[in-house]
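Enquirer: Dumping the structure here so I can ask a few things about it.
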Amino acid sequence: MKCFIKCLAVFMLGASVFTACSNDDDNDSGKRAVDVSEGLFIVGSGNKRAGIGGNLSYINYATGTVTSKAFETVNGKALGQTANYVAVYGSKLYIVVDGEATIWVCDKKTLKVEKQIVTTTLLDATKGVSPRAIVGAGDKVYFTCYGNSINGGNGIVAALDTLTFSKFKTYEVGSYPDGLTVCSGYLFVANSDYGNNVNPSLSKIDLQSGAVTTIKDAAITNPMMITTIGNNVYYLDYGTYDANWNQTGQGVRRVTVDGKVTKVCDGTAMGTDGKRIFAANAPYGGETKYYIYDPATDKATEWNPADINNPAVITADPVTGNIFITSYSKSTDPNVSTYALPTYTNQYDAQGNFVKKYEGTATGAVASVFNTGVKYE
C-alpha cells in the first residue's frame with residue numbers, strides 16, 4: 001500500500017516460553033510492586049510476493065536469544081497474511097492480522113491462543129474489513145478497522161470487553177483509520193486516508209459520552225502511528241509521495257487535547273518508552289537520520305546508532321530505557337528483496353550506545369511491544 005513503502009538458540013516453548021519472572025495477576029498484600037520487562041515481541045507482515053506470511057519473533061532478555069515464528073511453534077498454525085500490529089494489555093498479547101480480518105488473543109507468557117476474533121464476524125462483512133491496530137484502557141480494548149473507507153466512507157473503532165471479548169460499542173471515525181491511543185479520557189485515532197491526502201484527519205472520541213470530533217490541520221497529511229506521553233498525543237505522519245515515491249513532509253507531530261498540532265522532528269518510524277520519542281527518518285532515496293525528542297525540554301537531539309542498514313521499527317523499553325531498532329537486512333542475491341529476508345534487531349542503552357545485535361527477527365517487521373509486567377518483592 002502507498003503509505004507503507006518503507007514501511008537462535010531454540011529453547012522450550014509452551015508453559016515456560018518466556019522464562020517469566022513476573023506475575024501480572026498477583027495481588028500480594030504487603031509486598032512491593034516492581035515493574036519488570038522480560039523481552040520484546042516483534043510482528044512482521046511477511047512478504048506476499050515471496051509467499052511469506054505474517055510472523056512473530058520474541059527476544060528473550062534472560063537467555064539473550066531470538067525465537068522466530070514463535071506463534072506458529074506454540075500453536076501449530078500460521079499467524080496469517082499481513083500481520084499488522086501487536087500489543088500487550090494485562091496478561092494478554094493481541095496480534096492484529098489485517099489480511100485475515102483476525103485479532104489473535106494469546107496468553108503473553110505461553111503464547112497459547114485463547115481467542116480468535118474474526119472482525120468481519122464480530123462487526124459485519126464491511127465494517128470489520130482490515131483491522132489495523134489495538135489499544136487497551138480500563139476493562140476494554142479498542143481496535144480500528146478500515147470498514148467503509150474502501151468504498152469512500154468512514155472507518156470504525158470497536159470496543160471489546162476484555163473478559164468476554166464481546167462487542168461493547170462501535171464508533172464511526174475518519175478515512176482509513178490506523179493507530180490509536182488514549183489520552184486524558186479521550187481516544188485519539190489516526191485516519192491515514194490511505195496516503196491519498198484528500199481527507200486525512202485525527203478523530204477524538206470522548207470515552208465517557210461517546211462523542212466523536214474531527215481534528216483537521218495542514219500538518220495532518222498521512223497519520224499512522226500514534227502514542228501518548230503525559231497530556232499530549234504524538235503521531236507519525238508519513239507525509240506525501242510523488243510519482244517516483246519520493247517522500248516529503250514526513251515527521252512526528254505533537255497534538256494537544258484541544259487539537260493544536262506542532263511538528264516535533266522528521267521521521268518515517270517512531271517509538272517511545274513513555275517518556276521520550278525516538279524517531280528514524282529514512283525517506284525513500286534520501287539520507288537517514290535519527291532523533292531523540294524529550295518533551296520536558298521540547299528538543300529533538302540527533303544521534304547516530306551503530307550498524308543499521310535500513311530501519312523498519314524503532315522503540316524503547318519503558319522499564320529499562322533501552323532502545324531497539326529493527327532493521328531490514330542487506331541482500332547478497334539480486335533476485336531476493338531485502339523485504340523478503342528476516343530482519344535483525346539492535347539493542348542500545350538509554351544513552352544510545354550499542355549493546356547487542358539479535359539476528360533473525362521478524363520478516364517484514366511492522367510493529368513491536370515489550371513483555372512488561374509486575375513482580376512483588
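Order determines the names: the first chain of the C-alpha cells is A, the second B, and so forth; residues in each chain are numbered 1 upward, and ligands are numbered 1 upward as they are shown.
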Which residues come within 12 Å of Val118 (chain A), counting only C-alpha atoms, excluding same-chain residues fewer than 6 positions away, as a list in words?

Expert: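 Non-adjacent residues within range: Ile95, Val96, Val97, Asp98, Gly99, Glu100, Ala101, Thr102, Ile103, Trp104, Val105, Asp124, Ala125, Lys127, Gly128, Val129, Ser130, Pro131, Cys145, Phe165, Ser166 and Lys167 of chain A.
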
Enquirer: Give me the residues near Ala362 (chain A) as a list in words, where near means some atom within 10 Å (using only C-alpha atoms) and where sequence neighbours in that chain fewer than 4 positions away do not count.

Expert: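 Non-adjacent residues within range: Phe41, Ile42, Val43, Gly44, Ser45, Gly46, Gly54, Asn55, Leu56, Ser57, Tyr58, Val66, Thr67, Ser68, Lys69, Thr326, Ser327, Tyr328, Leu341, Pro342, Thr343, Tyr344, Thr345, Val366, Ala367 and Ser368 of chain A.
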
Enquirer: May I have the residues within 10 Å of Val157 (chain A) as an MDAnalysis selection string, using only C-alpha atoms and disregarding those fewer than 4 positions away in the same chain?

Expert: chainID A and resid 127:128 131:134 142:147 169:174 177:178 180 187 189 205

Enquirer: Can you spit out the residues from that selection as a JSON list (two decimals), in the first residue's frame, using N, CA and C atoms?

Expert:
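Output contents, as saved in result-v4.json:
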[["chain", "number", "residue", "atom", "x", "y", "z"],
["A", 127, "LYS", "N", -17.91, -3.48, 7.89],
["A", 127, "LYS", "CA", -17.28, -2.72, 8.98],
["A", 127, "LYS", "C", -16.03, -3.40, 9.52],
["A", 128, "GLY", "N", -15.98, -4.71, 9.48],
["A", 128, "GLY", "CA", -14.86, -5.43, 10.06],
["A", 128, "GLY", "C", -13.68, -5.66, 9.14],
["A", 131, "PRO", "N", -8.70, -4.99, 10.04],
["A", 131, "PRO", "CA", -8.33, -4.47, 11.36],
["A", 131, "PRO", "C", -6.88, -4.00, 11.33],
["A", 132, "ARG", "N", -6.59, -2.90, 12.02],
["A", 132, "ARG", "CA", -5.29, -2.26, 11.85],
["A", 132, "ARG", "C", -4.45, -2.17, 13.13],
["A", 133, "ALA", "N", -5.04, -1.73, 14.23],
["A", 133, "ALA", "CA", -4.27, -1.53, 15.46],
["A", 133, "ALA", "C", -5.20, -1.68, 16.65],
["A", 134, "ILE", "N", -4.61, -1.85, 17.85],
["A", 134, "ILE", "CA", -5.41, -2.11, 19.05],
["A", 134, "ILE", "C", -4.74, -1.48, 20.26],
["A", 142, "TYR", "N", -9.71, -1.44, 22.37],
["A", 142, "TYR", "CA", -10.28, -0.72, 21.24],
["A", 142, "TYR", "C", -9.42, -1.01, 20.01],
["A", 143, "PHE", "N", -10.07, -1.29, 18.88],
["A", 143, "PHE", "CA", -9.30, -1.53, 17.66],
["A", 143, "PHE", "C", -9.93, -0.81, 16.48],
["A", 144, "THR", "N", -9.08, -0.50, 15.50],
["A", 144, "THR", "CA", -9.52, 0.18, 14.29],
["A", 144, "THR", "C", -9.74, -0.81, 13.16],
["A", 145, "CYS", "N", -10.68, -0.48, 12.27],
["A", 145, "CYS", "CA", -10.90, -1.22, 11.03],
["A", 145, "CYS", "C", -11.12, -0.22, 9.90],
["A", 146, "TYR", "N", -10.63, -0.55, 8.71],
["A", 146, "TYR", "CA", -10.87, 0.32, 7.56],
["A", 146, "TYR", "C", -12.36, 0.47, 7.27],
["A", 147, "GLY", "N", -13.12, -0.60, 7.44],
["A", 147, "GLY", "CA", -14.56, -0.52, 7.25],
["A", 147, "GLY", "C", -14.97, 0.03, 5.90],
["A", 169, "LYS", "N", -19.21, -1.59, 21.95],
["A", 169, "LYS", "CA", -19.68, -0.39, 21.26],
["A", 169, "LYS", "C", -18.82, -0.18, 20.02],
["A", 170, "THR", "N", -19.37, 0.53, 19.03],
["A", 170, "THR", "CA", -18.58, 0.94, 17.87],
["A", 170, "THR", "C", -18.72, 2.44, 17.67],
["A", 171, "TYR", "N", -17.71, 3.02, 17.06],
["A", 171, "TYR", "CA", -17.67, 4.45, 16.77],
["A", 171, "TYR", "C", -17.28, 4.62, 15.30],
["A", 172, "GLU", "N", -17.93, 5.54, 14.63],
["A", 172, "GLU", "CA", -17.54, 5.87, 13.26],
["A", 172, "GLU", "C", -16.50, 6.98, 13.31],
["A", 173, "VAL", "N", -15.36, 6.73, 12.65],
["A", 173, "VAL", "CA", -14.28, 7.72, 12.68],
["A", 173, "VAL", "C", -13.99, 8.20, 11.26],
["A", 174, "GLY", "N", -12.70, 8.44, 10.92],
["A", 174, "GLY", "CA", -12.38, 9.01, 9.62],
["A", 174, "GLY", "C", -11.99, 7.98, 8.58],
["A", 177, "PRO", "N", -8.72, 4.48, 9.17],
["A", 177, "PRO", "CA", -8.11, 4.66, 10.49],
["A", 177, "PRO", "C", -7.03, 3.62, 10.75],
["A", 178, "ASP", "N", -6.00, 4.06, 11.45],
["A", 178, "ASP", "CA", -4.88, 3.16, 11.75],
["A", 178, "ASP", "C", -4.60, 3.18, 13.25],
["A", 180, "LEU", "N", -4.10, 4.14, 17.27],
["A", 180, "LEU", "CA", -4.98, 4.80, 18.23],
["A", 180, "LEU", "C", -4.32, 4.80, 19.61],
["A", 187, "LEU", "N", -10.02, 8.93, 23.28],
["A", 187, "LEU", "CA", -9.35, 8.00, 22.39],
["A", 187, "LEU", "C", -9.04, 8.76, 21.10],
["A", 189, "VAL", "N", -7.50, 8.79, 17.27],
["A", 189, "VAL", "CA", -7.36, 7.84, 16.16],
["A", 189, "VAL", "C", -6.70, 8.55, 14.99],
["A", 205, "ILE", "N", -12.36, 10.67, 20.40],
["A", 205, "ILE", "CA", -13.56, 10.05, 20.95],
["A", 205, "ILE", "C", -13.59, 10.29, 22.46]]

Enquirer: Which value, in Å to one decimal, gives the distance between CA of Ser209 (chain A) and CA of Ser184 (chain A)?

Expert: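 Taking CA of Ser209 (chain A) as the start and CA of Ser184 (chain A) as the end point, the length is 13.5 Å.
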
Enquirer: Mind checking which residues fall within 7 Å of Arg253 (chain A), counting only C-alpha atoms, ignoring those fewer than 2 positions away in the same chain, and posting them as a ChimeraX atom specification?

Expert: /A:234-236,251,255,261-264

Enquirer: Once you have the residues from the selection above, write them out as a PDB file, in the first residue's frame, restricted to N, CA and C atoms.

Expert:
ATOM      1  N   TYR A 234       1.244  12.140  20.398  1.00  0.00           N
ATOM      2  CA  TYR A 234       2.253  12.271  19.347  1.00  0.00           C
ATOM      3  C   TYR A 234       1.925  11.265  18.249  1.00  0.00           C
ATOM      4  N   TYR A 235       1.947  11.725  17.005  1.00  0.00           N
ATOM      5  CA  TYR A 235       1.659  10.806  15.909  1.00  0.00           C
ATOM      6  C   TYR A 235       2.734  10.916  14.833  1.00  0.00           C
ATOM      7  N   LEU A 236       2.920   9.812  14.119  1.00  0.00           N
ATOM      8  CA  LEU A 236       3.845   9.767  12.996  1.00  0.00           C
ATOM      9  C   LEU A 236       3.060   9.982  11.719  1.00  0.00           C
ATOM     10  N   GLY A 251       7.070  13.098   9.389  1.00  0.00           N
ATOM     11  CA  GLY A 251       7.611  13.504  10.679  1.00  0.00           C
ATOM     12  C   GLY A 251       6.691  13.214  11.842  1.00  0.00           C
ATOM     13  N   VAL A 255       0.165  16.700  19.418  1.00  0.00           N
ATOM     14  CA  VAL A 255      -1.212  17.192  19.402  1.00  0.00           C
ATOM     15  C   VAL A 255      -1.676  17.378  20.840  1.00  0.00           C
ATOM     16  N   VAL A 261      -1.727  21.291  16.699  1.00  0.00           N
ATOM     17  CA  VAL A 261      -0.730  20.397  16.114  1.00  0.00           C
ATOM     18  C   VAL A 261       0.588  21.137  15.915  1.00  0.00           C
ATOM     19  N   THR A 262       1.696  20.509  16.358  1.00  0.00           N
ATOM     20  CA  THR A 262       3.027  21.085  16.205  1.00  0.00           C
ATOM     21  C   THR A 262       3.990  20.003  15.746  1.00  0.00           C
ATOM     22  N   LYS A 263       4.849  20.318  14.772  1.00  0.00           N
ATOM     23  CA  LYS A 263       5.852  19.352  14.330  1.00  0.00           C
ATOM     24  C   LYS A 263       6.984  19.269  15.344  1.00  0.00           C
ATOM     25  N   VAL A 264       7.427  18.036  15.630  1.00  0.00           N
ATOM     26  CA  VAL A 264       8.487  17.782  16.607  1.00  0.00           C
ATOM     27  C   VAL A 264       9.816  17.510  15.907  1.00  0.00           C
TER      28      VAL A 264
END

Enquirer: Leaving out Ala306 (chain A) and any residue of its chain fewer than 6 positions from it, which residues lie within 10 Å of it when counting only C-alpha atoms, given as a PDB file with N, CA and C atoms, in the first residue's frame?

Expert:
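Resulting contents of around.pdb:
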ATOM      1  N   ASN A 346      18.879  -4.390  16.751  1.00  0.00           N
ATOM      2  CA  ASN A 346      19.968  -3.915  17.595  1.00  0.00           C
ATOM      3  C   ASN A 346      19.439  -3.295  18.877  1.00  0.00           C
ATOM      4  N   GLN A 347      20.125  -3.584  19.962  1.00  0.00           N
ATOM      5  CA  GLN A 347      19.795  -3.014  21.271  1.00  0.00           C
ATOM      6  C   GLN A 347      20.836  -1.967  21.638  1.00  0.00           C
ATOM      7  N   TYR A 348      20.361  -0.823  22.138  1.00  0.00           N
ATOM      8  CA  TYR A 348      21.229   0.258  22.608  1.00  0.00           C
ATOM      9  C   TYR A 348      20.796   0.615  24.028  1.00  0.00           C
ATOM     10  N   GLY A 352      21.956   5.590  24.040  1.00  0.00           N
ATOM     11  CA  GLY A 352      22.148   5.355  22.618  1.00  0.00           C
ATOM     12  C   GLY A 352      23.402   4.588  22.261  1.00  0.00           C
ATOM     13  N   ASN A 353      24.081   3.998  23.255  1.00  0.00           N
ATOM     14  CA  ASN A 353      25.292   3.215  22.988  1.00  0.00           C
ATOM     15  C   ASN A 353      24.930   1.772  22.628  1.00  0.00           C
ATOM     16  N   PHE A 354      25.618   1.212  21.641  1.00  0.00           N
ATOM     17  CA  PHE A 354      25.332  -0.141  21.175  1.00  0.00           C
ATOM     18  C   PHE A 354      25.556  -1.162  22.286  1.00  0.00           C
ATOM     19  N   VAL A 355      24.600  -2.113  22.420  1.00  0.00           N
ATOM     20  CA  VAL A 355      24.687  -3.172  23.425  1.00  0.00           C
ATOM     21  C   VAL A 355      24.799  -4.543  22.775  1.00  0.00           C
TER      22      VAL A 355
END

Enquirer: Would you please extract all strand (DSSP E) residues from region 234-377 of chain A, as assigned by DSSP on the backbone, and give them as a PyMOL selection string?

Expert: chain A and resi 234-237+240-241+247-248+251-256+261-265+269-272+277-281+289-294+299-303+311-316+323-327+342-348+354-363+365-376

Enquirer: Kindly indicate which residue among A:Asn304, A:Asn148, A:Gln247, A:Thr256 lies nearest to Ala282 (chain A), using only C-alpha atoms for the distances.

Expert: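 Looking at the shortest contact to Ala282 (chain A), the residue is A:Gln247.
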
Enquirer: Near Glu287 (chain A), counting only C-alpha atoms, which residues have an atom at most 12 Å away, once you skip same-chain residues fewer than 4 positions from it, shown as a list in words?

Expert: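 That gives Asn246, Gln247, Asp266, Gly267, Thr268, Ala280, Asn281, Ala282, Pro283, Asn309, Asn310 and Pro311 of chain A.
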
Enquirer: In Å, rounded to a single decimal, give me how far CA of Asp258 (chain A) is from CA of Val233 (chain A).

Expert: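 A separation of 10.6 Å between them.
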
Enquirer: Looking at only C-alpha atoms, which of A:Ala269, A:Ile292, A:Ala300, A:Val336 is the one that sits closest to Ala350 (chain A)?

Expert: A:Ile292

Enquirer: Quick one: residues within 8 Å of Val319 (chain A), only C-alpha atoms, excluding same-chain residues fewer than 4 positions away - as a list in words?

Expert: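 Those residues are Asp35, Val36, Ser37, Asp273 and Thr372 of chain A.
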
Enquirer: Please produce a file of those selected residues containing N, CA and C atoms, as a PDB file, in the first residue's frame.

Expert:
ATOM      1  N   ASP A  35       8.021  -2.899  38.598  1.00  0.00           N
ATOM      2  CA  ASP A  35       7.866  -3.066  37.156  1.00  0.00           C
ATOM      3  C   ASP A  35       9.036  -3.877  36.603  1.00  0.00           C
ATOM      4  N   VAL A  36       8.730  -4.814  35.734  1.00  0.00           N
ATOM      5  CA  VAL A  36       9.764  -5.630  35.091  1.00  0.00           C
ATOM      6  C   VAL A  36       9.511  -5.693  33.593  1.00  0.00           C
ATOM      7  N   SER A  37      10.576  -5.939  32.854  1.00  0.00           N
ATOM      8  CA  SER A  37      10.478  -6.144  31.410  1.00  0.00           C
ATOM      9  C   SER A  37      11.321  -7.366  31.070  1.00  0.00           C
ATOM     10  N   ASP A 273       9.337   5.203  24.944  1.00  0.00           N
ATOM     11  CA  ASP A 273       9.402   4.463  26.200  1.00  0.00           C
ATOM     12  C   ASP A 273       8.422   5.035  27.215  1.00  0.00           C
ATOM     13  N   THR A 372       6.195  -6.592  29.318  1.00  0.00           N
ATOM     14  CA  THR A 372       6.325  -5.968  30.627  1.00  0.00           C
ATOM     15  C   THR A 372       5.287  -6.521  31.605  1.00  0.00           C
TER      16      THR A 372
END
